[in-house]
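Shown here: query35.cif, mmCIF, C-alpha atoms.
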data_query
#
loop_
_atom_site.label_atom_id
_atom_site.label_comp_id
_atom_site.auth_asym_id
_atom_site.auth_seq_id
_atom_site.Cartn_x
_atom_site.Cartn_y
_atom_site.Cartn_z
CA MET A 1 0.00 0.00 0.00
CA THR A 2 2.77 2.33 0.86
CA SER A 3 4.57 1.55 -2.38
CA ASN A 4 1.44 2.41 -4.35
CA LYS A 5 1.21 5.83 -2.67
CA TYR A 6 4.81 6.61 -3.58
CA PHE A 7 4.19 5.48 -7.13
CA ILE A 8 1.17 7.81 -7.50
CA PHE A 9 3.07 10.72 -5.92
CA PHE A 10 6.00 10.41 -8.34
CA ALA A 11 3.61 10.01 -11.26
CA ILE A 12 1.87 13.29 -10.39
CA ILE A 13 5.22 15.09 -10.11
CA LEU A 14 6.29 13.70 -13.48
CA VAL A 15 3.07 14.90 -15.15
CA VAL A 16 3.37 18.41 -13.67
CA VAL A 17 7.00 18.76 -14.77
CA SER A 18 6.20 17.47 -18.25
CA ALA A 19 3.27 19.88 -18.60
CA GLY A 20 5.43 22.77 -17.51
CA CYS A 21 8.11 21.92 -20.05
CA LEU A 22 5.55 21.60 -22.85
CA SER A 23 3.94 24.88 -21.86
CA TYR A 24 7.26 26.72 -21.99
CA GLN A 25 8.16 25.15 -25.31
CA SER A 26 4.85 26.08 -26.94
CA GLY A 27 4.43 29.59 -25.59
CA GLY A 28 7.46 30.78 -23.67
CA GLY A 29 10.54 30.77 -25.88
CA TRP A 30 11.67 30.75 -29.51
CA LYS A 31 12.23 27.31 -31.04
CA LYS A 32 15.48 27.09 -32.92
CA THR A 33 13.94 24.67 -35.43
CA ALA A 34 10.85 26.78 -36.11
CA PRO A 35 10.91 27.97 -39.75
CA SER A 36 8.47 30.86 -39.24
CA MET A 37 6.39 32.67 -36.68
CA SER A 38 3.12 34.56 -36.77
CA TYR A 39 2.98 38.26 -36.00
CA ASP A 40 0.65 37.47 -33.09
CA SER A 41 3.36 35.37 -31.40
CA TYR A 42 5.85 38.13 -32.22
CA GLU A 43 3.67 40.63 -30.39
CA LEU A 44 3.21 38.27 -27.44
CA ASN A 45 6.96 37.80 -27.06
CA TYR A 46 7.68 41.50 -27.47
CA GLU A 47 4.88 43.75 -26.30
CA LEU A 48 6.36 46.85 -27.91
CA LYS A 49 4.08 49.54 -26.59
CA ASP A 50 3.98 48.09 -23.09
CA GLU A 51 7.76 47.98 -22.94
CA ILE A 52 7.99 51.55 -24.22
CA ASN A 53 5.68 52.74 -21.44
CA ALA A 54 7.58 50.68 -18.89
CA GLU A 55 10.92 52.14 -19.96
CA PHE A 56 9.60 55.70 -19.83
CA ALA A 57 8.12 54.98 -16.42
CA ASP A 58 11.68 54.36 -15.25
CA THR A 59 12.67 57.90 -16.30
CA ALA A 60 12.13 59.21 -12.78
CA SER A 61 14.61 56.75 -11.32
CA GLU A 62 16.99 57.45 -14.18
CA LYS A 63 16.79 61.15 -13.31
CA GLY A 64 17.94 60.39 -9.79
CA LYS A 65 20.95 58.48 -11.10
CA ASN A 66 21.77 61.14 -13.68
CA THR A 67 21.58 63.88 -11.07
CA GLN A 68 24.58 62.27 -9.42
CA LEU A 69 26.35 62.04 -12.78
CA TYR A 70 25.58 65.70 -13.57
CA GLY A 71 26.27 67.24 -10.23
CA ASP A 72 27.10 70.59 -11.84
CA ARG A 73 24.17 72.74 -12.85
CA LYS A 74 23.47 73.33 -16.53
CA ILE A 75 23.16 77.12 -16.86
CA ILE A 76 22.73 79.22 -20.00
CA SER A 77 24.22 82.61 -19.09
CA THR A 78 23.39 85.86 -20.90
CA ALA A 79 24.22 89.51 -20.26
CA ASN A 80 23.27 92.90 -21.68
CA LEU A 81 25.44 95.98 -21.24
CA GLN A 82 24.77 99.59 -22.22
CA ILE A 83 27.86 101.75 -22.15
CA GLU A 84 28.71 105.31 -23.15
CA VAL A 85 31.95 105.61 -25.13
CA GLU A 86 33.93 108.44 -26.67
CA SER A 87 34.26 106.60 -29.99
CA VAL A 88 32.12 103.68 -31.09
CA GLN A 89 34.75 102.52 -33.56
CA THR A 90 37.45 102.45 -30.87
CA ALA A 91 35.09 100.64 -28.50
CA PHE A 92 34.35 98.07 -31.21
CA ASN A 93 38.04 97.32 -31.58
CA ASP A 94 38.52 97.04 -27.81
CA ILE A 95 35.58 94.68 -27.36
CA LYS A 96 36.72 92.55 -30.29
CA LYS A 97 40.18 92.15 -28.73
CA ILE A 98 38.77 91.34 -25.27
CA THR A 99 36.45 88.75 -26.80
CA GLU A 100 39.20 87.04 -28.76
CA ASP A 101 41.52 87.03 -25.73
CA SER A 102 38.81 85.27 -23.71
CA GLY A 103 38.50 82.53 -26.34
CA GLY A 104 35.24 83.81 -27.79
CA PHE A 105 34.02 85.20 -31.08
CA ILE A 106 31.76 87.96 -32.45
CA SER A 107 28.28 86.73 -33.31
CA SER A 108 26.94 89.98 -34.83
CA SER A 109 27.64 93.72 -34.90
CA SER A 110 26.03 96.87 -36.26
CA THR A 111 26.54 100.66 -36.22
CA TYR A 112 24.28 103.57 -37.15
CA ASP A 113 24.56 107.35 -37.30
CA LEU A 114 22.21 109.58 -35.30
CA GLY A 115 22.91 113.09 -36.51
CA GLY A 116 26.67 112.87 -36.16
CA ARG A 117 26.59 110.65 -33.08
CA TYR A 118 27.33 106.98 -33.68
CA ASN A 119 25.63 104.15 -31.86
CA GLY A 120 26.55 100.49 -32.09
CA ARG A 121 25.61 97.03 -30.94
CA MET A 122 27.80 93.95 -30.69
CA THR A 123 26.82 90.42 -29.65
CA VAL A 124 29.63 88.07 -28.65
CA ARG A 125 29.91 84.46 -27.48
CA VAL A 126 32.51 83.61 -24.84
CA PRO A 127 33.31 80.43 -22.86
CA GLN A 128 31.13 80.15 -19.78
CA LYS A 129 34.16 79.95 -17.51
CA ASN A 130 35.26 83.42 -18.72
CA PHE A 131 31.77 84.95 -18.67
CA TYR A 132 32.04 87.24 -15.63
CA LEU A 133 35.68 88.15 -16.25
CA THR A 134 34.83 89.22 -19.80
CA ILE A 135 32.02 91.44 -18.52
CA GLU A 136 34.44 93.12 -16.13
CA HIS A 137 36.79 93.89 -19.02
CA PHE A 138 33.92 95.23 -21.14
CA GLU A 139 33.01 97.64 -18.33
CA THR A 140 36.43 99.30 -18.68
CA VAL A 141 35.72 100.27 -22.32
CA GLY A 142 33.34 103.08 -21.34
CA LYS A 143 30.88 104.35 -18.77
CA VAL A 144 28.33 101.68 -17.89
CA ARG A 145 24.76 102.98 -18.11
CA SER A 146 23.01 99.69 -17.41
CA LYS A 147 23.88 96.05 -16.87
CA ASP A 148 21.65 92.99 -16.85
CA ILE A 149 22.92 89.45 -16.18
CA SER A 150 20.65 86.42 -16.24
CA GLY A 151 21.00 82.64 -16.16
CA GLN A 152 18.57 79.99 -17.37
CA ASP A 153 18.83 76.72 -15.46
CA VAL A 154 18.23 73.87 -17.92
CA THR A 155 19.55 71.09 -15.69
CA GLU A 156 16.20 69.34 -15.34
CA GLU A 157 15.50 69.49 -19.07
CA TYR A 158 19.02 68.29 -19.86
CA ILE A 159 18.78 65.28 -17.53
CA ASP A 160 15.32 64.43 -18.83
CA LEU A 161 16.50 64.52 -22.45
CA LYS A 162 19.49 62.31 -21.62
CA ALA A 163 17.27 59.77 -19.85
CA ARG A 164 14.73 59.70 -22.67
CA ARG A 165 17.44 59.28 -25.28
CA GLY A 166 19.00 56.45 -23.26
CA ASN A 167 15.66 54.64 -23.11
CA LEU A 168 15.15 55.08 -26.84
CA GLU A 169 18.63 53.75 -27.57
CA LYS A 170 17.82 50.63 -25.53
CA GLN A 171 14.58 50.31 -27.43
CA GLU A 172 16.47 50.65 -30.72
CA THR A 173 18.75 47.77 -29.72
CA ARG A 174 15.77 45.58 -28.85
CA LEU A 175 14.11 46.36 -32.17
CA GLN A 176 17.27 45.45 -34.06
CA GLU A 177 17.31 42.09 -32.27
CA ILE A 178 13.67 41.48 -33.15
CA LEU A 179 14.30 42.50 -36.75
CA GLY A 180 16.86 39.71 -36.95
CA MET A 181 14.22 37.23 -35.74
CA ALA A 182 11.46 38.40 -38.09
CA VAL A 183 10.66 36.02 -40.96
CA THR A 184 7.70 37.29 -42.97
CA VAL A 185 7.67 40.50 -45.00
CA GLU A 186 4.85 41.87 -42.87
CA GLU A 187 6.84 41.37 -39.68
CA ILE A 188 9.95 42.97 -41.18
CA LEU A 189 8.04 46.03 -42.44
CA LYS A 190 6.32 46.62 -39.09
CA VAL A 191 9.56 46.36 -37.14
CA GLU A 192 11.40 48.61 -39.60
CA LYS A 193 8.63 51.22 -39.35
CA GLU A 194 8.89 51.32 -35.57
CA LEU A 195 12.68 51.34 -35.77
CA GLU A 196 12.55 54.35 -38.10
CA ARG A 197 10.29 56.22 -35.68
CA VAL A 198 12.57 55.49 -32.72
CA ARG A 199 15.67 56.61 -34.61
CA GLY A 200 13.93 59.83 -35.65
CA GLU A 201 13.09 60.58 -32.03
CA ILE A 202 16.70 59.87 -31.00
CA GLU A 203 17.94 62.33 -33.63
CA ARG A 204 15.51 65.00 -32.40
CA LEU A 205 16.59 64.60 -28.77
CA THR A 206 20.26 64.58 -29.79
CA GLY A 207 19.77 67.82 -31.70
CA ARG A 208 18.19 69.49 -28.68
CA LEU A 209 20.99 68.26 -26.41
CA ASN A 210 23.61 69.59 -28.82
CA TYR A 211 21.84 72.97 -28.85
CA LEU A 212 21.82 73.11 -25.06
CA ASP A 213 25.47 72.05 -24.87
CA LYS A 214 26.53 74.87 -27.21
CA ASN A 215 24.59 77.50 -25.26
CA ILE A 216 25.81 76.18 -21.92
CA GLU A 217 29.45 76.11 -22.98
CA MET A 218 29.37 79.50 -24.78
CA SER A 219 27.64 82.39 -23.00
CA THR A 220 26.12 85.36 -24.84
CA ILE A 221 26.94 89.00 -24.10
CA THR A 222 25.29 91.89 -25.94
CA VAL A 223 26.95 95.31 -25.67
CA SER A 224 25.12 98.47 -26.77
CA MET A 225 27.36 101.50 -27.25
CA ALA A 226 26.50 105.19 -27.69
CA GLU A 227 28.65 108.28 -28.05
CA PRO A 228 27.82 111.16 -25.65
CA ALA A 229 25.44 113.91 -26.78
CA PRO A 230 27.05 117.31 -27.48
CA ILE A 231 27.12 119.81 -24.61
CA GLY A 232 23.97 121.95 -24.71
CA GLY A 233 22.08 119.19 -26.45
CA ASP A 234 20.93 119.31 -30.01
CA GLY A 235 20.12 123.07 -29.90
CA TRP A 236 19.58 125.49 -32.80
CA GLY A 237 22.59 126.52 -34.89
CA ILE A 238 22.98 129.26 -37.52
CA THR A 239 23.98 126.76 -40.16
CA ASP A 240 20.95 124.61 -39.45
CA ALA A 241 18.63 127.63 -39.56
CA LEU A 242 20.02 128.82 -42.91
CA ARG A 243 19.80 125.32 -44.29
CA GLU A 244 16.15 124.99 -43.27
CA ALA A 245 15.32 128.46 -44.66
CA ALA A 246 16.89 127.65 -48.03
CA SER A 247 15.11 124.32 -48.10
CA GLY A 248 11.77 126.00 -47.33
CA PHE A 249 12.26 128.61 -50.09
CA ILE A 250 13.10 125.96 -52.67
CA ASN A 251 10.11 123.88 -51.66
CA THR A 252 7.83 126.93 -52.04
CA ILE A 253 9.10 127.65 -55.56
CA LEU A 254 8.64 124.03 -56.52
CA ALA A 255 5.09 124.08 -55.16
CA ILE A 256 4.26 127.19 -57.23
CA ILE A 257 5.65 125.61 -60.38
CA VAL A 258 3.61 122.49 -59.83
CA PHE A 259 0.48 124.58 -59.19
CA VAL A 260 0.97 126.63 -62.35
CA GLY A 261 1.59 123.46 -64.33
CA TYR A 262 -1.77 122.10 -63.19
CA VAL A 263 -3.73 125.38 -63.60
CA ILE A 264 -2.52 126.61 -67.04
CA PRO A 265 -4.06 123.75 -69.08
CA VAL A 266 -7.38 124.23 -67.28
CA VAL A 267 -7.37 128.01 -67.92
CA VAL A 268 -6.52 127.52 -71.60
CA PHE A 269 -9.38 125.05 -71.98
CA ILE A 270 -11.90 127.35 -70.28
CA VAL A 271 -10.84 130.40 -72.35
CA SER A 272 -11.06 128.36 -75.55
CA VAL A 273 -14.59 127.25 -74.71
CA ILE A 274 -15.64 130.85 -73.98
CA LEU A 275 -14.16 132.18 -77.23
CA ILE A 276 -15.87 129.46 -79.27
CA ALA A 277 -19.18 130.21 -77.56
CA LEU A 278 -18.85 133.93 -78.31
CA GLY A 279 -18.01 133.24 -81.95
CA VAL A 280 -21.04 131.01 -82.39
CA LYS A 281 -23.25 133.61 -80.72
CA ARG A 282 -22.11 136.36 -83.10
CA LYS A 283 -22.92 134.23 -86.13
CA LEU A 284 -26.36 133.23 -84.87
CA LEU A 285 -27.62 136.69 -83.73
CA PRO A 286 -27.99 138.25 -87.29
CA ARG A 287 -29.94 135.24 -88.47
CA LEU A 288 -32.27 135.40 -85.51
CA LYS A 289 -33.05 139.09 -86.19
CA LEU A 290 -34.08 138.31 -89.77
#
Would you kindly transcribe this structure into structure tokens?
Amino acid sequence: MTSNKYFIFFAIILVVVSAGCLSYQSGGGWKKTAPSMSYDSYELNYELKDEINAEFADTASEKGKNTQLYGDRKIISTANLQIEVESVQTAFNDIKKITEDSGGFISSSSTYDLGGRYNGRMTVRVPQKNFYLTIEHFETVGKVRSKDISGQDVTEEYIDLKARRGNLEKQETRLQEILGMAVTVEEILKVEKELERVRGEIERLTGRLNYLDKNIEMSTITVSMAEPAPIGGDGWGITDALREAASGFINTILAIIVFVGYVIPVVVFIVSVILIALGVKRKLLPRLKL
């Protein structure tokens, strides 16, 4: 009796183990000898959208890890200076030299004349490590009228972009592995379509990261320059008065000429009509009397 119980016990264990092995073979893993697979089994073995959501759900934890990797803050620094200078051209040359000495370059520049007084604007890019020192040197070029310094903290965005790109790169690797397993044309096309989308998103995130890197590494400083106004302001001068008087006289003569040019043809037409009417009247009056 005891031997029969042991026999039944081992038989049950054998059946359970065999069923488990068959279940794994039929639904759990890829058979090396299988010549093809349906797209349904492909989706069951790789639930693409679920894995995407799961990977992005891990972004928060990835942020915590990346915060340790990027202990330094990611700051985009900008500054605006307004200075009064004796000569805009001289100030341009000084600022150009200071910028080049700091390892930077001129992004844009412009000058314009305001009645004999020149104003100018120059935008430069300098390494972030030399940002404040460069501003101090710029302040020696002239008299500072205003100064504005600001910094945009993009650390959180930077870390988020890095984490998202890392997840997408993992996803790209998984898709490449699945592409190697795909057999039918339909399976290959679907995997390639998703792979193309993932790669496009990686390129977009990489472009944004490159943009942030450039603006973090190279700070922007805009310097507006103006020459001082003449003592007494822009008051009246004899030369200016004579110039305006001559200009007014010439404009009056020109206006008269234009007026005469418009009026003469009209007067000639009216006089002609009157003369013709008088001539007709003289010819008709004798006939009417008869």
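For the pair CA of Ala241 (chain A) and CA of Pro228 (chain A), the interatomic distance is 23.4 Å.
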Check your understanding: In Å to one decimal, how far is CA of Ile83 (chain A) from CA of Val223 (chain A)?
Key -> 7.4 Å
Practice item. Give as a PyMOL selection string the residues that the PyMOL selection byres ((chain A and resi 109) around 7) matches when applied to the coordinates above. Key: chain A and resi 108+110+121-123
Could you take the residues named above and write them with C-alpha atoms, as a PDB file, in the frame of the given file?
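Result file is result12.pdb:
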ATOM      1  CA  SER A 108      26.940  89.980 -34.830  1.00  0.00           C
ATOM      2  CA  SER A 110      26.030  96.870 -36.260  1.00  0.00           C
ATOM      3  CA  ARG A 121      25.610  97.030 -30.940  1.00  0.00           C
ATOM      4  CA  MET A 122      27.800  93.950 -30.690  1.00  0.00           C
ATOM      5  CA  THR A 123      26.820  90.420 -29.650  1.00  0.00           C
TER       6      THR A 123
END
Check your understanding: When you draw a straight line from CA of Glu100 (chain A) to CA of Val141 (chain A), how long is it in Å?
Key ->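 Between CA of Glu100 (chain A) and CA of Val141 (chain A) the gap works out to 15.1 Å.
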Practice item. For the structure shown, which residues end up in the PyMOL selection byres ((chain A and resi 136) around 12)? Put them as JSON, numbers by chain, please? Key: {"A": [79, 81, 95, 98, 99, 102, 130, 131, 132, 133, 134, 135, 137, 138, 139, 140, 141, 142, 144, 147, 221]}
Write out as a PDB file with C-alpha atoms, in the coordinates of the input which residues come within 6 Å of region 152-168 of chain A when counting all atoms listed in the file, dropping same-chain ones fewer than 3 positions away.
ATOM      1  CA  ARG A  73      24.170  72.740 -12.850  1.00  0.00           C
ATOM      2  CA  LYS A  74      23.470  73.330 -16.530  1.00  0.00           C
ATOM      3  CA  ILE A  75      23.160  77.120 -16.860  1.00  0.00           C
ATOM      4  CA  ILE A  76      22.730  79.220 -20.000  1.00  0.00           C
ATOM      5  CA  GLN A 171      14.580  50.310 -27.430  1.00  0.00           C
ATOM      6  CA  ILE A 202      16.700  59.870 -31.000  1.00  0.00           C
TER       7      ILE A 202
END
Point to revise | Residues matched by the PyMOL selection byres ((chain A and resi 85) around 7) as a ChimeraX atom specification | key: /A:83-84,86-88,91,142-143,225-228
Restore N, CA and C atoms in region 144-170 of chain A and list the result as a PDB file, in the frame of the given file.
ATOM      1  N   VAL A 144      29.464 102.604 -17.877  1.00  0.00           N
ATOM      2  CA  VAL A 144      28.330 101.680 -17.890  1.00  0.00           C
ATOM      3  C   VAL A 144      27.055 102.422 -17.493  1.00  0.00           C
ATOM      4  N   ARG A 145      26.061 102.366 -18.374  1.00  0.00           N
ATOM      5  CA  ARG A 145      24.760 102.980 -18.110  1.00  0.00           C
ATOM      6  C   ARG A 145      23.773 101.968 -17.530  1.00  0.00           C
ATOM      7  N   SER A 146      23.875 100.737 -17.965  1.00  0.00           N
ATOM      8  CA  SER A 146      23.010  99.690 -17.410  1.00  0.00           C
ATOM      9  C   SER A 146      23.661  98.332 -17.633  1.00  0.00           C
ATOM     10  N   LYS A 147      23.327  97.398 -16.766  1.00  0.00           N
ATOM     11  CA  LYS A 147      23.880  96.050 -16.870  1.00  0.00           C
ATOM     12  C   LYS A 147      22.826  95.051 -16.400  1.00  0.00           C
ATOM     13  N   ASP A 148      22.628  94.028 -17.191  1.00  0.00           N
ATOM     14  CA  ASP A 148      21.650  92.990 -16.850  1.00  0.00           C
ATOM     15  C   ASP A 148      22.279  91.622 -17.108  1.00  0.00           C
ATOM     16  N   ILE A 149      22.348  90.800 -16.072  1.00  0.00           N
ATOM     17  CA  ILE A 149      22.920  89.450 -16.180  1.00  0.00           C
ATOM     18  C   ILE A 149      21.845  88.454 -15.755  1.00  0.00           C
ATOM     19  N   SER A 150      21.667  87.426 -16.554  1.00  0.00           N
ATOM     20  CA  SER A 150      20.650  86.420 -16.240  1.00  0.00           C
ATOM     21  C   SER A 150      21.186  85.028 -16.570  1.00  0.00           C
ATOM     22  N   GLY A 151      20.612  84.033 -15.913  1.00  0.00           N
ATOM     23  CA  GLY A 151      21.000  82.640 -16.160  1.00  0.00           C
ATOM     24  C   GLY A 151      19.764  81.754 -16.209  1.00  0.00           C
ATOM     25  N   GLN A 152      19.683  80.928 -17.224  1.00  0.00           N
ATOM     26  CA  GLN A 152      18.570  79.990 -17.370  1.00  0.00           C
ATOM     27  C   GLN A 152      19.046  78.589 -16.990  1.00  0.00           C
ATOM     28  N   ASP A 153      18.454  78.057 -15.937  1.00  0.00           N
ATOM     29  CA  ASP A 153      18.830  76.720 -15.460  1.00  0.00           C
ATOM     30  C   ASP A 153      18.083  75.668 -16.277  1.00  0.00           C
ATOM     31  N   VAL A 154      18.826  74.914 -17.071  1.00  0.00           N
ATOM     32  CA  VAL A 154      18.230  73.870 -17.920  1.00  0.00           C
ATOM     33  C   VAL A 154      18.653  72.479 -17.459  1.00  0.00           C
ATOM     34  N   THR A 155      19.073  72.379 -16.199  1.00  0.00           N
ATOM     35  CA  THR A 155      19.550  71.090 -15.690  1.00  0.00           C
ATOM     36  C   THR A 155      18.484  70.011 -15.778  1.00  0.00           C
ATOM     37  N   GLU A 156      17.275  70.345 -15.341  1.00  0.00           N
ATOM     38  CA  GLU A 156      16.200  69.340 -15.340  1.00  0.00           C
ATOM     39  C   GLU A 156      15.876  68.888 -16.760  1.00  0.00           C
ATOM     40  N   GLU A 157      15.782  69.853 -17.679  1.00  0.00           N
ATOM     41  CA  GLU A 157      15.500  69.490 -19.070  1.00  0.00           C
ATOM     42  C   GLU A 157      16.624  68.638 -19.649  1.00  0.00           C
ATOM     43  N   TYR A 158      17.861  69.002 -19.329  1.00  0.00           N
ATOM     44  CA  TYR A 158      19.020  68.290 -19.860  1.00  0.00           C
ATOM     45  C   TYR A 158      19.017  66.832 -19.377  1.00  0.00           C
ATOM     46  N   ILE A 159      18.792  66.640 -18.087  1.00  0.00           N
ATOM     47  CA  ILE A 159      18.780  65.280 -17.530  1.00  0.00           C
ATOM     48  C   ILE A 159      17.630  64.469 -18.120  1.00  0.00           C
ATOM     49  N   ASP A 160      16.481  65.118 -18.265  1.00  0.00           N
ATOM     50  CA  ASP A 160      15.320  64.430 -18.830  1.00  0.00           C
ATOM     51  C   ASP A 160      15.582  63.987 -20.267  1.00  0.00           C
ATOM     52  N   LEU A 161      16.185  64.867 -21.056  1.00  0.00           N
ATOM     53  CA  LEU A 161      16.500  64.520 -22.450  1.00  0.00           C
ATOM     54  C   LEU A 161      17.497  63.366 -22.518  1.00  0.00           C
ATOM     55  N   LYS A 162      18.499  63.396 -21.632  1.00  0.00           N
ATOM     56  CA  LYS A 162      19.490  62.310 -21.620  1.00  0.00           C
ATOM     57  C   LYS A 162      18.828  60.980 -21.262  1.00  0.00           C
ATOM     58  N   ALA A 163      17.932  61.004 -20.269  1.00  0.00           N
ATOM     59  CA  ALA A 163      17.270  59.770 -19.850  1.00  0.00           C
ATOM     60  C   ALA A 163      16.372  59.229 -20.961  1.00  0.00           C
ATOM     61  N   ARG A 164      15.620  60.126 -21.592  1.00  0.00           N
ATOM     62  CA  ARG A 164      14.730  59.700 -22.670  1.00  0.00           C
ATOM     63  C   ARG A 164      15.519  59.138 -23.850  1.00  0.00           C
ATOM     64  N   ARG A 165      16.618  59.787 -24.183  1.00  0.00           N
ATOM     65  CA  ARG A 165      17.440  59.280 -25.280  1.00  0.00           C
ATOM     66  C   ARG A 165      18.031  57.912 -24.935  1.00  0.00           C
ATOM     67  N   GLY A 166      18.463  57.746 -23.673  1.00  0.00           N
ATOM     68  CA  GLY A 166      19.000  56.450 -23.260  1.00  0.00           C
ATOM     69  C   GLY A 166      17.961  55.343 -23.381  1.00  0.00           C
ATOM     70  N   ASN A 167      16.725  55.641 -22.978  1.00  0.00           N
ATOM     71  CA  ASN A 167      15.660  54.640 -23.110  1.00  0.00           C
ATOM     72  C   ASN A 167      15.390  54.299 -24.565  1.00  0.00           C
ATOM     73  N   LEU A 168      15.395  55.317 -25.411  1.00  0.00           N
ATOM     74  CA  LEU A 168      15.150  55.080 -26.840  1.00  0.00           C
ATOM     75  C   LEU A 168      16.279  54.272 -27.473  1.00  0.00           C
ATOM     76  N   GLU A 169      17.500  54.517 -27.035  1.00  0.00           N
ATOM     77  CA  GLU A 169      18.630  53.750 -27.570  1.00  0.00           C
ATOM     78  C   GLU A 169      18.513  52.272 -27.172  1.00  0.00           C
ATOM     79  N   LYS A 170      18.053  52.018 -25.936  1.00  0.00           N
ATOM     80  CA  LYS A 170      17.820  50.630 -25.530  1.00  0.00           C
ATOM     81  C   LYS A 170      16.714  50.005 -26.379  1.00  0.00           C
TER      82      LYS A 170
END
